[in-house]
Amino acid sequence: MDVLNVRNVYEDAERAKDKKAAIGADVTIENFTDETVNALDMIDDLDDLSKQTKNDLLKVGVDTDEKNRAGSFLQVDQSNIFTNNAISSSVEVMNIGIALEKYGWLEDYLWNVVKPDADKYTAKTALREQKDGVKSGYFVRSLPNTCEVMPVQACMFISDEDIMQTAHNVIIAEENSELHLITGCATGDDVSSAMHVGVSEMYLKPGSKITFTMVHNWAEQVEVRPRTGIKLGDNSTYINNYILTSPVSTLQSYPTAYCNGKNSRAIFQSIQGGKKDSIIDVGSRALLNAEGARAEVISRAVAQDESKIYARGHLSGTVPGVRGHLECSGLVLSDDSLIYAVPELEASSANLELSHEAAVGKIDEDEINYLTSRGISEEDAESMIVRGFLNMDITGLPDELAEQTQNMIDMSLDGM
Amino acid sequence: MLLEVENLAVEVAGKRVLKDINLSIAEGETHVLLGPNGAGKSTLFLTILGFPNYKVVNGTIKFKGQDITGLTTAERVKLGIGVSFQTPPAIRGVSVGDLLKIISNQEVSDELNPRMQELAKQLKFSDEFLNRDVNLGFSGGEVKRSEILQLLAQMPDFTMFDEPDSGVDIENVELLASEIGTLLDKDKPQRSRKRSGLLITHLGYILNFVSADKAHVLIDGVISCSGNPSEILEDIRKNGFNGCVECAQCL
């Protein structure tokens with residue numbers, strides 16, 4: 001079985017190595033350099049990182065003091081330089097390579113909800129894994145019947161110019177468990193150009209819950225292609241929060257939730273601030289395949305400068321009794337920027353309910369006037385309105401995490 | 001004079017709404033602006049406030065002796081002008097509490113100062129309410145009370161109230177009137193009052209609780225008559241604004 005599985009992944013990936021992605025600008029992978037695995041030394045403590053790096057990590061929600069964290073994982077370039085698996089007895093955090101050695105069954109979870117032949121980026125990740133033995137990325141798992149309210153923090157960091165970083169992450173919430181993750185991705189201050197491909201596969205067993213909050217802070221010439229699939233069992237809940245407010249070259253992702261379990265629920269909330277000439281193409285997809293499954297997709301986008309934001313959403317209902325709602329709001333702040341909202345609803349059964357609302361436009365002048373009539377300058381009023389617009393209420397997080405997440409959002413919005 | 005409007009003509013979207021307005025309000029005085037719908041009452045307010053779409057084509061507005069006709073709204077507000085709106089817009093993501101802090105020159109990260117907390121309580125606002133987005137899903141009465149609360153944070157020298165009592169139940173009109181009184185120094189003897197105001201009211205109900213020194217009737221972009229508030233109101237109640245139209249023709 002294992003042999004067959006490996007061979008299929010390899011063959012599928014090999015076939016797809018030049019396959020362009022269905023959407024998003026085509027990136028020439030060859031322009032970036034593959035890094036050797038574990039080229040960098042492990043560190044004993046996150047505190048050993050340079051002040052600058054700590055600061056970069058803090059901006060994406062990674063606390064180097066590990067206060068209020070259930071575990072930590074740090075990958076720099078292609079090296080897993082730090083893992084802390086000892087904080088919580090309810091969750092496991094480890095390098096995917098180590099996890100594969102520890103758990104024979106983990107192989108079955110690889111390339112299951114993200115296909116190796118989806119496009120050349122997934123193919124590249126699969127080929128490095130299969131051909132070159134590159135086992136990069138993290139494995140996080142919550143044990144059955146546990147509820148750890150503190151989040152595991154995982155970080156992908158690029159430290160050098162023109163690097164191609166790949167990662168293959170697997171997250172499993174066992175039956176009736178609750179798991180929270182904060183993942184931050186960033187580049188070092190002296191890095192201007194790089195590429196990041198992160199394949200993430202998540203599995204929610206019956207009665208489980210995962211919240212996955214991701215903050216990105218890339219450099220202006222970084223190409224980003226996250227590839228995410230989520231499989232939901234009966235009565236499970238998945239909450240995905242995504243925050244990007246700093247410039248990037250091109251970023252394209254379209255995480256897909258397979259709501260295959262009865263009464264499973266997926267919520268995607270995203271905050272996107274487009275700056276400079278960033279091209280941001282972020283969508284969320286939920287396939288409602290079981291009775292009582294529900295999905296909500298909420299996105300807020302603000303396009304400034306010459307940025308372009310494609311805000312996509314796709315809800316597909318295949319059985320009766322499912323419900324889904326898509327909501328996209330956008331503010332276009334400059335004549336040279338663009339927001340393209342693409343909401344898609346697909347109903348292939350009777351007796352289901354799918355809806356969407358989208359509104360894209362400029363800042364309401366009445367709102368600016370109102371604030372200026374309280375003595376606030378026009379410029380400050382605009383900035384308050386933009387921040388307020390992006391500052392959505394993130395639902396579904398435990399209180400402690402909600403507060404931390406709000407701080408993360410505030411920090412991201414500070415630059416807006 | 002605190003406020004002096006001279007020969008003011010204003011266009012909104014190319015249409016002349018105010019034709020030739022002359023109005024003076026002294027320190028410590030409260031004036032009332034009456035007039036039928038569409039006469040230009042709100043336009044006069046928003047022009048005094050300096051909203052961008054209200055184009056002054058003739059005349060001047062002076063405040064505390066300074067010509068403010070060319071100033072931005074924020075600059076005018078800093079000089080001491082305030083307004084309560086009839087139907088203000090909702091601002092998503094900006095809480096009432098944060099706005100109060102900004103108006104009170106407080107850091108948003110600090111706790112709201114005790115004076116404002118006390119005033120919020122007086123105006124029947126809970127802490128939870130202060131966390132709500134400004135005007136989002138507010139009832140008619142909540143909007144009015146929130147407007148007055150913001151003005152209490154600001155304490156302007158000259159305040160304009162646009163229909164502060166419309167849509168407010170009787171019990172709350174008295175509450176609002178009492179706070180409006182604070183904003184207009186009504187708790188002080190007439191001679192020592194410093195703050196002034198201009199009230200737009202349709203029915204004049206609020207005048208049962210807030211005393212006014214003078215009333216003006218605005219019809220078709222012109223102030224057609226000015227005088228004792230109760231006499232003018234009485235006249236309008238009997239004869240409607242038609243009487244004022246005739247009066248204007250006499251002028």
# chains A, B, ... in the order shown; residues from 1 in each chain; ligands from 1
$ residues_around --residues "Leu110 in chain A" --least-positions-apart "5" --cutoff "10 Å" --atoms "only C-alpha atoms" --output "list of chain:residue names"
A:Asn5, A:Val6, A:Val9, A:Leu100, A:Trp105, A:Lys115, A:Pro116, A:Ala126, A:His168, A:Asn169, A:Val170, A:Val199, A:Ser200, A:Glu201, A:Met202
$ write_last_selection --atoms "C-alpha atoms" --output "short mmCIF file (atom, residue, chain, number, x, y, z; two decimals), in the first residue's frame"
data_model
loop_
_atom_site.label_atom_id
_atom_site.label_comp_id
_atom_site.auth_asym_id
_atom_site.auth_seq_id
_atom_site.Cartn_x
_atom_site.Cartn_y
_atom_site.Cartn_z
CA ASN A 5 0.99 5.36 -2.61
CA VAL A 6 4.51 6.68 -2.95
CA VAL A 9 2.33 10.60 -5.72
CA LEU A 100 6.38 10.10 9.71
CA TRP A 105 -0.24 5.64 9.71
CA LYS A 115 -3.39 16.62 -4.72
CA PRO A 116 0.24 16.42 -5.82
CA ALA A 126 5.77 16.48 -3.76
CA HIS A 168 4.12 20.10 3.80
CA ASN A 169 2.02 20.43 6.92
CA VAL A 170 -0.47 17.98 8.36
CA VAL A 199 0.94 22.58 1.37
CA SER A 200 -1.36 22.15 4.35
CA GLU A 201 -3.68 19.22 4.87
CA MET A 202 -6.07 19.28 7.78
#
$ residues_around --residues "Ala257 in chain A" --least-positions-apart "3" --cutoff "10 Å" --atoms "only C-alpha atoms" --output "list of chain:residue names"
A:Val113, A:Met202, A:Tyr203, A:Thr228, A:Gly229, A:Ile230, A:Lys231, A:Leu232, A:Tyr238, A:Asn240, A:Tyr254, A:Asn260, A:Arg265, A:Ala266, A:Ile267, A:Phe268, A:Ser284, A:Arg285, A:Ala286, A:Leu287, A:Leu288, A:Ala295, A:Leu315
$ residues_around --residues "Ile232 in chain B" --least-positions-apart "4" --cutoff "10 Å" --atoms "only C-alpha atoms" --output "list in words"
Leu34, Lys214, Ala215, His216, Val217, Cys225, Ser226, Gly227, Asn228, Ile236, Arg237, Lys238 and Cys244 of chain B
$ write_last_selection --atoms "N, CA and C atoms" --output "short mmCIF file (atom, residue, chain, number, x, y, z; two decimals), in the first residue's frame"
data_model
loop_
_atom_site.label_atom_id
_atom_site.label_comp_id
_atom_site.auth_asym_id
_atom_site.auth_seq_id
_atom_site.Cartn_x
_atom_site.Cartn_y
_atom_site.Cartn_z
N LEU B 34 -36.52 77.62 12.18
CA LEU B 34 -37.75 76.95 11.77
C LEU B 34 -37.88 77.05 10.26
N LYS B 214 -34.21 83.51 20.49
CA LYS B 214 -34.67 84.09 19.23
C LYS B 214 -35.00 82.97 18.24
N ALA B 215 -35.99 83.22 17.39
CA ALA B 215 -36.31 82.24 16.36
C ALA B 215 -36.17 82.88 14.98
N HIS B 216 -35.81 82.05 14.01
CA HIS B 216 -35.71 82.52 12.63
C HIS B 216 -36.49 81.55 11.76
N VAL B 217 -37.19 82.09 10.78
CA VAL B 217 -37.91 81.22 9.86
C VAL B 217 -37.21 81.26 8.51
N CYS B 225 -38.35 85.75 8.54
CA CYS B 225 -38.59 86.57 9.71
C CYS B 225 -37.85 86.05 10.92
N SER B 226 -37.58 86.95 11.85
CA SER B 226 -36.86 86.61 13.07
C SER B 226 -37.58 87.29 14.22
N GLY B 227 -37.55 86.65 15.38
CA GLY B 227 -38.21 87.29 16.51
C GLY B 227 -38.36 86.39 17.70
N ASN B 228 -39.34 86.69 18.51
CA ASN B 228 -39.59 85.94 19.73
C ASN B 228 -40.02 84.51 19.39
N ILE B 236 -46.96 80.08 13.52
CA ILE B 236 -46.82 78.97 12.57
C ILE B 236 -47.85 77.89 12.87
N ARG B 237 -48.11 77.66 14.18
CA ARG B 237 -49.09 76.64 14.56
C ARG B 237 -50.47 77.02 14.04
N LYS B 238 -50.76 78.31 14.08
CA LYS B 238 -52.09 78.78 13.61
C LYS B 238 -52.17 78.81 12.09
N CYS B 244 -45.69 82.94 7.09
CA CYS B 244 -44.31 83.41 6.99
C CYS B 244 -43.97 83.80 5.56
#
$ interface_residues --of "chain A" --to "chain B" --cutoff "6 Å" --atoms "only C-alpha atoms" --output "PyMOL selection string"
chain A and resi 367+372-373+375-377+388-389+391
$ atom_distance --atom1 "CA of Thr395 in chain A" --atom2 "CA of Ile239 in chain A"
8.4 Å
$ residues_around --residues "Thr30 in chain B" --least-positions-apart "6" --cutoff "8 Å" --atoms "only C-alpha atoms" --output "PyMOL selection string"
chain B and resi 184+196-199+211-214
$ write_last_selection --atoms "N, CA and C atoms" --output "mmCIF file, in the first residue's frame"
data_model
loop_
_atom_site.group_PDB
_atom_site.id
_atom_site.type_symbol
_atom_site.label_atom_id
_atom_site.label_comp_id
_atom_site.auth_asym_id
_atom_site.auth_seq_id
_atom_site.Cartn_x
_atom_site.Cartn_y
_atom_site.Cartn_z
ATOM 1 N N LEU B 184 -25.520 74.269 26.460
ATOM 2 C CA LEU B 184 -25.841 75.666 26.164
ATOM 3 C C LEU B 184 -25.766 76.540 27.426
ATOM 4 N N SER B 196 -23.261 79.002 23.023
ATOM 5 C CA SER B 196 -24.422 79.373 22.209
ATOM 6 C C SER B 196 -24.871 78.188 21.374
ATOM 7 N N GLY B 197 -26.070 78.311 20.826
ATOM 8 C CA GLY B 197 -26.558 77.208 20.010
ATOM 9 C C GLY B 197 -27.592 77.626 18.995
ATOM 10 N N LEU B 198 -27.780 76.753 18.044
ATOM 11 C CA LEU B 198 -28.810 76.939 17.027
ATOM 12 C C LEU B 198 -29.505 75.594 16.866
ATOM 13 N N LEU B 199 -30.828 75.624 17.041
ATOM 14 C CA LEU B 199 -31.616 74.391 17.030
ATOM 15 C C LEU B 199 -32.544 74.352 15.830
ATOM 16 N N SER B 211 -34.962 76.645 26.698
ATOM 17 C CA SER B 211 -35.406 77.997 26.365
ATOM 18 C C SER B 211 -34.577 78.558 25.214
ATOM 19 N N ALA B 212 -35.239 79.363 24.377
ATOM 20 C CA ALA B 212 -34.530 79.959 23.247
ATOM 21 C C ALA B 212 -34.716 81.469 23.290
ATOM 22 N N ASP B 213 -33.692 82.168 22.797
ATOM 23 C CA ASP B 213 -33.738 83.624 22.836
ATOM 24 C C ASP B 213 -34.365 84.221 21.591
ATOM 25 N N LYS B 214 -34.207 83.510 20.485
ATOM 26 C CA LYS B 214 -34.668 84.094 19.228
ATOM 27 C C LYS B 214 -34.997 82.974 18.240
#
$ select_by_dssp --residues "range 9-251 of chain B" --states "strand (DSSP E)" --output "NGL selection string"
:B and (9-12 or 15-25 or 30-34 or 54-63 or 66-67 or 81-84 or 91-95 or 133-134 or 158-162 or 196-200 or 214-219 or 222-227)
$ select_by_dssp --residues "range 92-213 of chain B" --states "helix (DSSP H, G or I)" --output "JSON, numbers by chain"
{"B": [96, 97, 98, 99, 100, 101, 102, 103, 114, 115, 116, 117, 118, 119, 120, 121, 122, 127, 128, 129, 130, 140, 141, 142, 143, 144, 145, 146, 147, 148, 149, 150, 151, 152, 153, 154, 170, 171, 172, 173, 174, 175, 176, 177, 178, 179, 180, 181, 182, 183, 190, 191, 192, 205, 206, 207, 208]}
